[in-house]
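Novice: The structure file model_11.cif (mmCIF, C-alpha atoms and all ligand atoms) is provided below.
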```
data_run
#
loop_
_atom_site.label_atom_id
_atom_site.label_comp_id
_atom_site.auth_asym_id
_atom_site.auth_seq_id
_atom_site.Cartn_x
_atom_site.Cartn_y
_atom_site.Cartn_z
CA MET A 1 0.00 0.00 0.00
CA ASN A 2 1.21 3.47 -0.77
CA THR A 3 1.04 6.20 1.78
CA PRO A 4 -1.87 8.33 0.67
CA ALA A 5 -0.83 11.85 -0.19
CA SER A 6 -4.32 13.21 -0.42
CA GLY A 7 -5.36 16.72 0.42
CA ASP A 8 -2.21 17.45 -1.54
CA ALA A 9 -1.83 21.24 -1.74
CA ALA A 10 0.07 20.87 -5.00
CA VAL A 11 -3.06 19.61 -6.77
CA ILE A 12 -4.61 22.83 -8.01
CA HIS A 13 -6.98 21.65 -10.71
CA GLY A 14 -8.55 18.46 -12.02
CA PRO A 15 -11.07 16.07 -10.53
CA TRP A 16 -9.20 15.46 -7.27
CA HIS A 17 -9.03 19.19 -6.64
CA ASP A 18 -12.76 19.50 -7.38
CA ALA A 19 -13.64 16.57 -5.13
CA GLN A 20 -11.60 18.07 -2.28
CA ALA A 21 -13.21 21.49 -2.78
CA GLN A 22 -16.70 19.93 -2.64
CA LEU A 23 -15.79 18.10 0.57
CA THR A 24 -14.39 21.30 2.08
CA GLU A 25 -17.69 23.08 1.40
CA ALA A 26 -19.69 20.21 2.88
CA VAL A 27 -17.67 19.99 6.10
CA ALA A 28 -17.86 23.78 6.51
CA HIS A 29 -21.63 23.62 6.15
CA LEU A 30 -21.83 20.69 8.60
CA LYS A 31 -19.38 22.43 10.97
CA CYS A 32 -17.46 19.20 11.38
CA ALA A 33 -14.20 18.98 13.29
CA PRO A 34 -10.92 19.42 11.35
CA GLY A 35 -9.80 15.89 12.26
CA LEU A 36 -12.91 14.40 10.69
CA HIS A 37 -12.42 16.52 7.59
CA GLU A 38 -8.87 15.26 7.33
CA MET A 39 -10.04 11.69 7.70
CA LEU A 40 -12.57 12.06 4.88
CA ALA A 41 -10.11 13.93 2.65
CA MET A 42 -7.68 11.02 2.68
CA PRO A 43 -8.44 7.71 0.95
CA ARG A 44 -8.17 4.83 3.38
CA ARG A 45 -6.19 2.64 0.99
CA GLU A 46 -4.42 3.18 -2.29
CA LEU A 47 -2.85 0.42 -4.31
CA GLN A 48 -0.78 1.16 -7.38
CA VAL A 49 0.38 -1.77 -9.48
CA ALA A 50 2.35 -2.41 -12.66
CA VAL A 51 0.37 -4.55 -15.08
CA PRO A 52 2.61 -6.34 -17.59
CA LEU A 53 0.91 -7.59 -20.75
CA ARG A 54 2.17 -10.20 -23.19
CA ARG A 55 0.98 -8.75 -26.47
CA ASP A 56 -0.34 -10.86 -29.32
CA ASP A 57 2.93 -10.27 -31.24
CA GLY A 58 4.98 -11.68 -28.35
CA THR A 59 6.32 -8.34 -27.06
CA THR A 60 5.65 -7.07 -23.55
CA ALA A 61 3.97 -3.80 -22.57
CA VAL A 62 3.46 -2.52 -19.02
CA PHE A 63 0.53 -0.40 -17.82
CA SER A 64 -0.13 1.41 -14.55
CA GLY A 65 -3.07 0.11 -12.56
CA TYR A 66 -4.78 1.51 -9.47
CA ARG A 67 -7.40 0.64 -6.89
CA VAL A 68 -8.32 3.31 -4.36
CA GLN A 69 -10.67 2.62 -1.46
CA HIS A 70 -11.80 5.94 -0.15
CA ASN A 71 -13.92 5.08 2.86
CA PHE A 72 -15.45 1.99 4.46
CA SER A 73 -17.46 3.39 7.36
CA ARG A 74 -20.78 2.32 5.80
CA GLY A 75 -19.71 -1.05 4.41
CA PRO A 76 -17.47 -2.73 1.86
CA THR A 77 -16.16 -0.40 -0.82
CA LYS A 78 -17.79 -0.26 -4.23
CA GLY A 79 -16.95 1.35 -7.51
CA GLY A 80 -16.12 0.86 -11.13
CA LEU A 81 -12.98 -0.03 -13.02
CA ARG A 82 -11.91 2.28 -15.81
CA PHE A 83 -9.66 1.45 -18.78
CA SER A 84 -8.51 4.74 -20.28
CA THR A 85 -5.24 6.51 -20.99
CA ALA A 86 -6.57 9.44 -18.91
CA VAL A 87 -6.45 7.27 -15.77
CA ASP A 88 -4.01 8.40 -13.11
CA LEU A 89 -3.91 8.22 -9.32
CA ASP A 90 -5.60 11.58 -8.75
CA GLU A 91 -8.45 10.76 -11.11
CA VAL A 92 -9.03 7.43 -9.39
CA ARG A 93 -8.92 9.12 -5.97
CA ALA A 94 -11.58 11.63 -7.02
CA LEU A 95 -13.79 8.95 -8.51
CA ALA A 96 -13.42 6.84 -5.35
CA MET A 97 -14.42 9.76 -3.12
CA TRP A 98 -17.45 10.48 -5.32
CA MET A 99 -18.45 6.80 -5.00
CA THR A 100 -18.45 7.17 -1.19
CA TRP A 101 -20.85 10.11 -1.42
CA LYS A 102 -22.97 8.46 -4.12
CA CYS A 103 -23.45 5.25 -2.12
CA ALA A 104 -24.29 7.21 1.04
CA LEU A 105 -26.68 9.54 -0.78
CA VAL A 106 -28.77 6.73 -2.28
CA ASP A 107 -28.36 4.74 0.90
CA VAL A 108 -26.70 1.56 -0.30
CA PRO A 109 -24.46 -0.03 2.36
CA TYR A 110 -21.11 0.67 0.80
CA GLY A 111 -18.14 2.94 0.97
CA GLY A 112 -16.54 4.20 -2.22
CA ALA A 113 -13.72 2.84 -4.34
CA LYS A 114 -12.50 3.10 -7.90
CA GLY A 115 -9.96 1.34 -10.05
CA GLY A 116 -8.29 2.02 -13.31
CA VAL A 117 -5.71 0.89 -15.80
CA ALA A 118 -4.02 3.50 -17.98
CA ILE A 119 -4.68 1.70 -21.25
CA GLU A 120 -6.58 2.53 -24.44
CA PRO A 121 -8.85 -0.51 -24.89
CA ARG A 122 -9.48 0.30 -28.56
CA ASP A 123 -5.80 -0.40 -29.26
CA HIS A 124 -5.99 -3.99 -28.01
CA SER A 125 -7.49 -7.30 -29.10
CA ALA A 126 -10.02 -9.06 -26.89
CA ALA A 127 -7.32 -11.59 -25.97
CA GLU A 128 -4.98 -8.79 -24.82
CA LEU A 129 -7.76 -7.12 -22.83
CA GLU A 130 -8.50 -10.44 -21.15
CA ARG A 131 -4.82 -10.89 -20.17
CA VAL A 132 -4.57 -7.31 -18.87
CA THR A 133 -7.77 -7.71 -16.87
CA ARG A 134 -6.68 -11.02 -15.36
CA ARG A 135 -3.22 -9.72 -14.46
CA TYR A 136 -4.64 -6.51 -12.97
CA THR A 137 -7.13 -8.61 -10.97
CA SER A 138 -4.37 -10.84 -9.72
CA GLU A 139 -2.33 -7.76 -8.66
CA ILE A 140 -5.22 -6.24 -6.69
CA LEU A 141 -6.58 -9.57 -5.46
CA PRO A 142 -5.56 -9.01 -1.83
CA VAL A 143 -7.77 -5.93 -1.55
CA ILE A 144 -10.95 -7.01 -3.38
CA GLY A 145 -13.68 -9.48 -2.43
CA PRO A 146 -17.45 -9.67 -1.94
CA ASP A 147 -17.14 -8.39 1.63
CA THR A 148 -14.24 -6.04 0.97
CA ASP A 149 -14.33 -4.18 -2.32
CA ILE A 150 -16.54 -4.93 -5.30
CA PRO A 151 -15.57 -3.63 -8.78
CA ALA A 152 -18.05 -2.88 -11.58
CA PRO A 153 -17.86 -1.57 -15.15
CA ASP A 154 -16.95 2.02 -15.96
CA ILE A 155 -15.42 3.73 -19.01
CA GLY A 156 -13.65 1.19 -21.24
CA THR A 157 -14.80 -1.90 -19.34
CA ASP A 158 -17.91 -4.05 -19.69
CA GLU A 159 -19.57 -7.29 -18.66
CA ASN A 160 -16.78 -9.35 -20.26
CA THR A 161 -14.23 -7.54 -18.10
CA MET A 162 -16.35 -8.39 -15.05
CA ALA A 163 -16.59 -12.05 -16.10
CA TRP A 164 -12.76 -12.26 -16.32
CA ILE A 165 -12.33 -10.58 -12.93
CA MET A 166 -14.89 -12.92 -11.37
CA ASP A 167 -13.19 -15.96 -12.89
CA THR A 168 -9.65 -14.89 -11.92
CA TYR A 169 -10.74 -14.18 -8.34
CA SER A 170 -12.70 -17.44 -8.16
CA VAL A 171 -9.79 -19.51 -9.47
CA ALA A 172 -7.56 -18.00 -6.77
CA LYS A 173 -10.13 -18.80 -4.08
CA GLY A 174 -10.85 -22.30 -5.39
CA HIS A 175 -14.58 -21.71 -5.71
CA THR A 176 -16.92 -19.47 -7.65
CA VAL A 177 -17.51 -16.09 -6.02
CA PRO A 178 -20.16 -14.20 -8.04
CA GLY A 179 -20.44 -11.40 -5.46
CA VAL A 180 -16.90 -10.12 -6.11
CA VAL A 181 -18.06 -7.98 -9.05
CA THR A 182 -21.27 -6.47 -10.34
CA GLY A 183 -22.23 -5.70 -13.91
CA LYS A 184 -21.57 -9.36 -14.79
CA PRO A 185 -23.22 -11.16 -17.70
CA ILE A 186 -26.70 -12.38 -16.71
CA ALA A 187 -25.59 -15.99 -17.27
CA LEU A 188 -23.00 -15.57 -14.48
CA GLY A 189 -25.37 -14.04 -11.95
CA GLY A 190 -25.64 -10.53 -13.34
CA SER A 191 -28.82 -8.65 -12.54
CA LEU A 192 -31.57 -8.04 -15.02
CA GLY A 193 -31.73 -4.29 -15.54
CA ARG A 194 -28.10 -3.61 -14.55
CA ALA A 195 -26.85 -2.81 -18.06
CA GLY A 196 -29.39 -0.02 -18.51
CA ALA A 197 -29.56 1.08 -14.88
CA THR A 198 -27.39 4.21 -15.02
CA SER A 199 -29.26 5.49 -18.09
CA ARG A 200 -32.62 4.71 -16.53
CA GLY A 201 -31.67 6.63 -13.42
CA VAL A 202 -30.34 9.58 -15.43
CA ALA A 203 -33.55 9.77 -17.47
CA HIS A 204 -35.71 9.41 -14.37
CA ILE A 205 -33.85 12.24 -12.63
CA ALA A 206 -33.94 14.40 -15.78
CA MET A 207 -37.72 14.01 -15.88
CA MET A 208 -38.05 14.99 -12.22
CA ALA A 209 -35.76 17.98 -12.77
CA MET A 210 -37.81 19.08 -15.80
CA SER A 211 -41.03 18.71 -13.88
CA SER A 212 -39.61 20.82 -11.02
CA LYS A 213 -39.02 23.59 -13.57
CA GLY A 214 -42.46 23.19 -15.13
CA ILE A 215 -41.03 21.73 -18.35
CA GLU A 216 -43.25 19.11 -20.02
CA PRO A 217 -41.31 16.31 -21.78
CA GLU A 218 -43.37 16.75 -24.95
CA GLY A 219 -41.97 19.90 -26.48
CA ALA A 220 -38.77 19.76 -24.42
CA THR A 221 -35.35 19.43 -26.05
CA ALA A 222 -32.09 17.87 -24.92
CA SER A 223 -28.53 17.21 -26.00
CA VAL A 224 -26.49 14.27 -24.78
CA GLN A 225 -22.70 14.13 -24.71
CA GLY A 226 -21.50 10.54 -24.93
CA PHE A 227 -23.33 7.62 -26.55
CA GLY A 228 -21.97 4.78 -24.44
CA LYS A 229 -23.18 2.94 -21.35
CA VAL A 230 -24.87 6.04 -19.95
CA GLY A 231 -25.68 8.46 -22.79
CA ARG A 232 -27.15 5.99 -25.23
CA GLY A 233 -29.82 4.62 -22.92
CA ALA A 234 -30.53 8.05 -21.43
CA ALA A 235 -31.08 9.51 -24.92
CA ARG A 236 -33.41 6.63 -25.82
CA LEU A 237 -35.46 6.91 -22.63
CA LEU A 238 -35.73 10.69 -22.95
CA ALA A 239 -36.87 10.31 -26.57
CA GLU A 240 -39.40 7.65 -25.51
CA ALA A 241 -40.78 10.14 -22.98
CA GLY A 242 -41.34 12.66 -25.79
CA VAL A 243 -38.21 14.79 -25.38
CA ARG A 244 -36.62 15.80 -28.70
CA VAL A 245 -32.94 14.86 -28.46
CA LEU A 246 -31.36 17.33 -30.87
CA ALA A 247 -27.72 16.33 -30.60
CA VAL A 248 -25.51 13.51 -29.39
CA SER A 249 -21.78 12.90 -29.56
CA ASP A 250 -19.15 10.25 -29.04
CA VAL A 251 -15.35 10.25 -29.17
CA ASP A 252 -15.47 10.51 -32.97
CA GLY A 253 -17.75 13.55 -33.28
CA ALA A 254 -21.18 15.09 -32.76
CA ILE A 255 -24.39 15.11 -34.81
CA PHE A 256 -27.39 17.45 -34.80
CA ASP A 257 -30.97 17.27 -36.06
CA GLY A 258 -33.26 20.19 -35.30
CA ASP A 259 -36.33 17.93 -35.47
CA GLY A 260 -34.92 15.48 -32.95
CA LEU A 261 -32.84 12.38 -33.63
CA ASP A 262 -34.42 8.95 -34.11
CA ILE A 263 -32.48 7.33 -31.27
CA THR A 264 -33.54 3.77 -32.08
CA ARG A 265 -32.32 4.05 -35.67
CA LEU A 266 -29.22 5.88 -34.45
CA GLY A 267 -28.51 2.94 -32.12
CA ALA A 268 -28.64 0.56 -35.10
CA HIS A 269 -26.27 2.88 -37.03
CA VAL A 270 -23.82 2.86 -34.09
CA ASP A 271 -23.98 -0.95 -33.84
CA ARG A 272 -23.19 -1.13 -37.56
CA THR A 273 -20.48 1.53 -37.85
CA GLY A 274 -19.12 1.97 -34.33
CA SER A 275 -19.92 5.71 -34.19
CA VAL A 276 -22.74 8.25 -34.24
CA VAL A 277 -20.93 10.14 -37.00
CA GLY A 278 -22.47 9.91 -40.46
CA PHE A 279 -25.99 9.06 -39.28
CA ASP A 280 -28.61 9.78 -42.00
CA ASP A 281 -29.69 13.35 -42.61
CA THR A 282 -27.90 14.81 -39.62
CA GLU A 283 -25.59 17.75 -39.48
CA SER A 284 -22.07 17.29 -38.12
CA ILE A 285 -21.37 19.81 -35.37
CA HIS A 286 -18.33 20.60 -33.27
CA PRO A 287 -18.47 18.26 -30.24
CA GLY A 288 -17.83 21.18 -27.87
CA SER A 289 -20.81 23.10 -29.23
CA LEU A 290 -23.19 20.32 -28.19
CA LEU A 291 -22.95 21.51 -24.59
CA THR A 292 -23.92 25.07 -25.45
CA LEU A 293 -26.89 24.32 -27.73
CA ASP A 294 -30.18 26.05 -27.08
CA VAL A 295 -31.93 23.08 -25.40
CA ASP A 296 -33.82 22.63 -22.14
CA VAL A 297 -31.59 19.89 -20.78
CA VAL A 298 -27.98 19.05 -21.43
CA VAL A 299 -26.70 15.66 -20.30
CA PRO A 300 -22.90 15.39 -20.16
CA ALA A 301 -22.52 11.60 -20.08
CA ALA A 302 -18.91 11.08 -21.13
CA VAL A 303 -15.96 12.15 -18.99
CA GLU A 304 -15.09 14.63 -16.25
CA GLY A 305 -14.11 18.26 -16.66
CA VAL A 306 -16.09 19.15 -19.80
CA ILE A 307 -18.09 22.10 -18.42
CA THR A 308 -15.40 24.54 -17.38
CA ALA A 309 -14.84 28.21 -16.60
CA GLN A 310 -14.30 28.61 -20.37
CA ASN A 311 -17.73 27.43 -21.55
CA ALA A 312 -20.01 27.67 -18.47
CA ALA A 313 -21.18 31.18 -19.38
CA ASP A 314 -22.25 29.87 -22.81
CA ILE A 315 -24.45 27.03 -21.54
CA ARG A 316 -27.98 27.85 -22.66
CA ALA A 317 -29.79 24.87 -21.12
CA ARG A 318 -31.88 25.44 -18.02
CA ILE A 319 -30.88 22.08 -16.56
CA VAL A 320 -27.62 20.12 -16.56
CA VAL A 321 -28.01 16.47 -15.60
CA GLU A 322 -24.61 14.96 -14.88
CA GLY A 323 -24.60 11.48 -16.39
CA ALA A 324 -20.80 11.34 -16.19
CA ASN A 325 -18.81 11.58 -12.98
CA GLY A 326 -17.40 15.06 -12.42
CA PRO A 327 -18.29 16.68 -15.78
CA THR A 328 -18.58 20.17 -14.24
CA THR A 329 -15.54 21.80 -12.67
CA GLN A 330 -15.90 23.74 -9.41
CA GLU A 331 -15.40 27.09 -11.20
CA ALA A 332 -18.02 26.19 -13.81
CA ASP A 333 -20.42 25.04 -11.11
CA ALA A 334 -20.32 28.48 -9.49
CA ILE A 335 -20.87 30.21 -12.84
CA LEU A 336 -23.87 27.99 -13.65
CA THR A 337 -25.36 28.56 -10.20
CA ASP A 338 -24.99 32.34 -10.57
CA ARG A 339 -26.73 32.11 -13.92
CA GLY A 340 -29.63 30.13 -12.44
CA VAL A 341 -28.89 26.89 -14.30
CA LEU A 342 -30.04 23.87 -12.30
CA VAL A 343 -27.19 21.36 -12.03
CA VAL A 344 -28.23 17.88 -10.92
CA PRO A 345 -24.98 16.47 -9.56
CA ASP A 346 -23.40 13.21 -10.69
CA ILE A 347 -23.68 11.53 -7.29
CA LEU A 348 -27.46 11.83 -7.62
CA ALA A 349 -28.03 11.74 -11.38
CA ASN A 350 -25.89 8.73 -12.26
CA ALA A 351 -26.43 6.68 -9.09
CA GLY A 352 -28.71 4.22 -10.89
CA GLY A 353 -25.71 2.09 -11.82
CA VAL A 354 -24.49 1.51 -8.30
CA ILE A 355 -28.04 1.11 -6.99
CA VAL A 356 -28.62 -1.84 -9.31
CA SER A 357 -25.07 -3.03 -8.61
CA TYR A 358 -26.18 -3.26 -5.01
CA PHE A 359 -29.27 -5.23 -6.08
CA GLU A 360 -27.01 -7.51 -8.13
CA TRP A 361 -24.67 -8.06 -5.18
CA VAL A 362 -27.63 -8.95 -2.95
CA GLN A 363 -28.90 -11.38 -5.60
CA SER A 364 -25.44 -12.90 -6.15
CA ASN A 365 -24.85 -13.38 -2.46
CA GLN A 366 -28.25 -15.08 -2.15
CA ALA A 367 -27.92 -17.03 -5.43
CA TYR A 368 -31.32 -15.72 -6.45
CA GLN A 369 -32.59 -13.65 -9.38
CA TRP A 370 -35.17 -10.88 -9.22
CA ARG A 371 -37.49 -9.99 -12.08
CA GLU A 372 -36.48 -7.01 -14.21
CA ARG A 373 -39.66 -5.18 -13.28
CA GLU A 374 -38.80 -5.49 -9.60
CA VAL A 375 -35.27 -4.21 -10.22
CA ASN A 376 -36.53 -1.19 -12.19
CA ASP A 377 -39.25 -0.35 -9.67
CA ARG A 378 -36.83 -0.48 -6.75
CA LEU A 379 -34.32 1.57 -8.72
CA GLU A 380 -36.85 4.32 -9.40
CA GLU A 381 -37.97 4.29 -5.79
CA LYS A 382 -34.41 4.80 -4.54
CA MET A 383 -33.69 7.53 -7.09
CA THR A 384 -36.92 9.33 -6.20
CA ASP A 385 -36.17 9.15 -2.47
CA ALA A 386 -32.66 10.55 -3.03
CA TRP A 387 -34.01 13.30 -5.31
CA ARG A 388 -36.52 14.37 -2.64
CA ASP A 389 -33.86 14.29 0.09
CA VAL A 390 -31.62 16.56 -1.99
CA VAL A 391 -34.39 18.97 -3.03
CA ASP A 392 -35.64 19.27 0.55
CA TYR A 393 -32.18 19.71 2.05
CA ALA A 394 -31.15 22.25 -0.58
CA GLY A 395 -34.36 24.19 0.03
CA ALA A 396 -34.04 24.08 3.81
CA HIS A 397 -30.41 25.23 3.83
CA GLY A 398 -30.18 27.46 0.77
CA LEU A 399 -27.68 25.18 -0.97
CA THR A 400 -27.20 24.07 -4.56
CA TYR A 401 -28.18 20.49 -5.32
CA ARG A 402 -24.53 19.47 -5.42
CA GLN A 403 -23.83 21.10 -2.06
CA ALA A 404 -26.95 19.52 -0.58
CA ALA A 405 -26.20 16.06 -2.01
CA THR A 406 -22.60 16.14 -0.80
CA ALA A 407 -23.55 17.44 2.65
CA LEU A 408 -26.24 14.78 3.09
CA ALA A 409 -23.81 12.06 2.03
CA VAL A 410 -20.97 13.32 4.21
CA ARG A 411 -23.36 13.52 7.17
CA ARG A 412 -24.39 9.89 6.66
CA VAL A 413 -20.77 8.73 6.43
CA LEU A 414 -19.89 10.66 9.59
CA GLU A 415 -22.90 9.24 11.39
CA ALA A 416 -21.71 5.70 10.61
CA HIS A 417 -18.18 6.61 11.65
CA GLU A 418 -19.34 8.08 14.94
CA LEU A 419 -21.56 5.10 15.75
CA ARG A 420 -18.69 2.70 15.10
CA GLY A 421 -16.16 4.84 16.96
CA LEU A 422 -12.49 5.23 16.24
CA TYR A 423 -10.33 2.14 16.78
CA PRO A 424 -8.50 1.77 19.12
N1 LIG B 1 -19.00 2.96 -12.52
C1 LIG B 1 -20.32 3.26 -12.04
C2 LIG B 1 -20.33 4.57 -11.29
O1 LIG B 1 -19.50 5.41 -11.49
C3 LIG B 1 -20.93 2.11 -11.26
C4 LIG B 1 -20.19 1.69 -10.02
C5 LIG B 1 -20.72 0.42 -9.41
O2 LIG B 1 -21.74 -0.08 -9.85
O3 LIG B 1 -20.08 -0.08 -8.48
O4 LIG B 1 -21.21 4.84 -10.52
#
```
Show me this structure written as structure tokens.

Specialist:
Amino acid sequence: MNTPASGDAAVIHGPWHDAQAQLTEAVAHLKCAPGLHEMLAMPRRELQVAVPLRRDDGTTAVFSGYRVQHNFSRGPTKGGLRFSTAVDLDEVRALAMWMTWKCALVDVPYGGAKGGVAIEPRDHSAAELERVTRRYTSEILPVIGPDTDIPAPDIGTDENTMAWIMDTYSVAKGHTVPGVVTGKPIALGGSLGRAGATSRGVAHIAMMAMSSKGIEPEGATASVQGFGKVGRGAARLLAEAGVRVLAVSDVDGAIFDGDGLDITRLGAHVDRTGSVVGFDDTESIHPGSLLTLDVDVVVPAAVEGVITAQNAADIRARIVVEGANGPTTQEADAILTDRGVLVVPDILANAGGVIVSYFEWVQSNQAYQWREREVNDRLEEKMTDAWRDVVDYAGAHGLTYRQAATALAVRRVLEAHELRGLYP
């Protein structure tokens, strides 16, 4: 284990800086003691590993891998595994801290963790990705487990990645352990409804946010950045509810249709070509301009740090629903708040994934499968409860939704910590 160097004064921008700034605001609001602030600012465990890969051509490449467990006061740690060249220790720390708040906010019995490997999955064959995943799993094996820390998919990873992690862990233990990961294939104990859970939650929250502003879905417009695990399903569900989705983007580019995109046909185009670009009768637009389109709702559902001090003043949407983790920087958040834009924070908006991960973990540990309807109903119930908690708390204390969500979550983590007491 490395010595955590969190709260690092040298970190002046980026997701870890933003996560620390949000925590600082929350502890100031809660008037919590400096020692408790320090405890929450510092991840409990950080593991950095080298992941050597035997490439298909026989050469060897080595990648940096991480697993950060931010806090375990409320239970085992939980959080996704990201394969992306943007992965570094500070990004993983921020994402782990956000998982702690997310799990506390939607009241699932977990602390937060995150993992990552600094690799571009598109540059590797399935066989190479399997070897990288298995070697990474074997390197972090001492710190994961169904009662310890439970990975799930995130950017660049999917149900196949989870199957390989589950198998590698199970081989090491000598028996099958389905509860070590969530987001598994259904045939291995994955939950019905897990694949679409984050999108379903984002769409559900977007509808509640629109309704709170008196915006009817029919006649409303939206743009969605990212057409992957989160954006694609969110765009489809919004369109099904009557919202005209005018623009979407992916890593290759952005497309626009003033009448609203046919998301079902777009999905088929993406399955065929691998990208949203070139979809029939749409206009290509600059990906950055998607965020500043004149729409009611903008859903950044790709990566962190896309709404910044540079473009926040140009956002024309009335509502930003954060499908991604950390898409709005702290500076941008303040600008949007001043301009009266409602920002629904990531830890609320995209919590559907970890909520159904929790349902999957419960099912895996009980070797039982719920019906999809039951999963979706329970998901919506949890999202609605969390939405109401945030709206009420923000109203009662004059906070933004992000400040309210973070404060509520921090308060729940501290409550668990205080009940357990400090050992020894
Ligand atoms: N990676 C997802 C997130 O950021 C899901 C995490 C999980 O299910 O554990 O919330």

Novice: Counting all atoms listed in the file, figure out which residue out of A:Ser199, A:Gln403, A:Thr292, A:Gln48 gets nearest to ligand LIG 1 (chain B).

Specialist: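 Between A:Ser199, A:Gln403, A:Thr292, A:Gln48, the residue approaching ligand LIG 1 (chain B) most closely is A:Ser199.
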
Novice: Would you name the residues within 6 Å of ligand LIG 1 (chain B), counting all atoms listed in the file, and put them as a PDB file with C-alpha atoms, in the coordinates of the input?

Specialist:
```
ATOM      1  CA  LYS A  78     -17.790  -0.260  -4.230  1.00  0.00           C
ATOM      2  CA  GLY A  79     -16.950   1.350  -7.510  1.00  0.00           C
ATOM      3  CA  GLY A  80     -16.120   0.860 -11.130  1.00  0.00           C
ATOM      4  CA  PRO A 151     -15.570  -3.630  -8.780  1.00  0.00           C
ATOM      5  CA  ALA A 152     -18.050  -2.880 -11.580  1.00  0.00           C
ATOM      6  CA  PRO A 153     -17.860  -1.570 -15.150  1.00  0.00           C
ATOM      7  CA  ASP A 154     -16.950   2.020 -15.960  1.00  0.00           C
ATOM      8  CA  ALA A 351     -26.430   6.680  -9.090  1.00  0.00           C
ATOM      9  CA  GLY A 353     -25.710   2.090 -11.820  1.00  0.00           C
ATOM     10  CA  VAL A 354     -24.490   1.510  -8.300  1.00  0.00           C
ATOM     11  CA  SER A 357     -25.070  -3.030  -8.610  1.00  0.00           C
TER      12      SER A 357
END
```

Novice: Of the residues A:Trp16, A:Thr198, A:Val343, A:Ala302, which is the one nearest to Arg318 (chain A), using only C-alpha atoms?

Specialist: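 Once distances to Arg318 (chain A) are computed over only C-alpha atoms, the minimum belongs to A:Val343.
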
Novice: What's the 9 Å shell around region 28-31 of chain A, counting all atoms listed in the file, without same-chain residues fewer than 5 positions away, as a PyMOL selection string?

Specialist: chain A and resi 23+403+407+410-411

Novice: Can you tell me which residues surround Arg122 (chain A) at a distance of at most 10 Å, considering all atoms listed in the file, apart from same-chain residues fewer than 5 positions away, and format the answer as an NGL selection string?

Specialist: :A and (83-84 or 129 or 156)

Novice: Those residues you just picked out, can you put them in a file as a tab-separated table (two decimals), in the coordinates of the input with C-alpha atoms?

Specialist:
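Saved the output as out_23.tsv:
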```tsv
chain	number	residue	atom	x	y	z
A	83	PHE	CA	-9.66	1.45	-18.78
A	84	SER	CA	-8.51	4.74	-20.28
A	129	LEU	CA	-7.76	-7.12	-22.83
A	156	GLY	CA	-13.65	1.19	-21.24
```

Novice: From the list A:Arg93, A:Arg44, A:Arg388, A:Arg54, which residue is nearest Phe72 (chain A) when using only C-alpha atoms?

Specialist: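 Ranked by minimum distance to Phe72 (chain A), first place goes to A:Arg44.
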
Novice: Could you give me, as an MDAnalysis selection string, the residues within 6 Å of region 229-238 of chain A, counting all atoms listed in the file and dropping anything in the same chain fewer than 2 positions from it?

Specialist: chainID A and resid 198:199 203 226:227 240:241 243 263 301

Novice: Suppose you want the space between CA of Ala33 (chain A) and CA of Lys114 (chain A); what is it in Å?

Specialist: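 Result for CA of Ala33 (chain A) versus CA of Lys114 (chain A): 26.5 Å, one decimal.
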
Novice: What does the structure give for the distance between CA of Val276 (chain A) and CA of Ala332 (chain A), in Å to one decimal?

Specialist: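 Interatomic distance, CA of Val276 (chain A) to CA of Ala332 (chain A): 27.6 Å.
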
Novice: Rounded to one decimal, what separation in Å do you get between CA of Val132 (chain A) and CA of Ile165 (chain A)?

Specialist: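 Value for the CA of Val132 (chain A)-CA of Ile165 (chain A) distance: 10.3 Å.
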
Novice: Have a look at A:Ile335, A:Ala26, A:Ala126, A:Glu139 and name the one nearest to His397 (chain A); count all atoms listed in the file.

Specialist: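 Looking at the shortest contact to His397 (chain A), the residue is A:Ala26.
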
Novice: Contacts of Tyr368 (chain A) at 12 Å or less, counting all atoms listed in the file, minus same-chain residues fewer than 5 places along, as JSON, numbers by chain?

Specialist: {"A": [178, 179, 186, 188, 189, 190, 191, 192, 359, 360, 361, 362, 363]}

Novice: With only C-alpha atoms as the counted atoms, please give the residues lying no more than 12 Å from Asp259 (chain A), apart from itself and same-chain residues fewer than 2 positions off, as number ranges by chain.

Specialist: A: 219-222, 239, 243-247, 256-257, 261-262, 281-283

Novice: Which residue, A:Ala309, A:Ile355, A:Ile319, A:Leu89, has the smallest gap to Asp333 (chain A) when you use all atoms listed in the file?

Specialist: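 Smallest distance to Asp333 (chain A) is found for A:Ala309.
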
Novice: My list of candidates is A:Gly326, A:Gly228, A:Gly111, A:Gly260. Which is closest to Leu348 (chain A) when distances are computed with only C-alpha atoms?

Specialist: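 The closest residue to Leu348 (chain A) is A:Gly326.
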
Novice: At most 12 Å from (-11.0, 17.9, -2.8), file frame, only C-alpha atoms: which residues, as a PyMOL selection string?

Specialist: chain A and resi 6-27+37-38+40-43+90-91+93-98+326+329-330+406

Novice: Using all atoms listed in the file, I'd like a table of the residues in region 259-321 of chain A that come within 10 Å of region 204-207 of chain A; for each, show the closest atom pair and its distance in Å rounded to one decimal, ordered by chain and ascending number, as CSV.

Specialist:
```
residue,atom,partner,partner_atom,distance
A:Val297,CA,A:Ala206,CA,7.8
A:Val298,CA,A:Ala206,CA,9.4
A:Val299,CA,A:Ala206,CA,8.6
A:Ile319,CA,A:Ala206,CA,8.3
A:Val320,CA,A:Ala206,CA,8.6
A:Val321,CA,A:Ala206,CA,6.3
```

Novice: With region 141-147 of chain A as the partner and 8 Å as the cut-off, tabulate the residues of region 173-276 of chain A that qualify, each row holding the nearest pair of atoms and their distance in Å to one decimal, using only C-alpha atoms, sorted by chain and rising number, as a tab-separated table.

Specialist:
```
residue	atom	partner	partner_atom	distance
A:Val177	CA	A:Pro146	CA	7.6
A:Gly179	CA	A:Pro146	CA	4.9
A:Val180	CA	A:Pro146	CA	4.2
A:Val181	CA	A:Pro146	CA	7.3
```
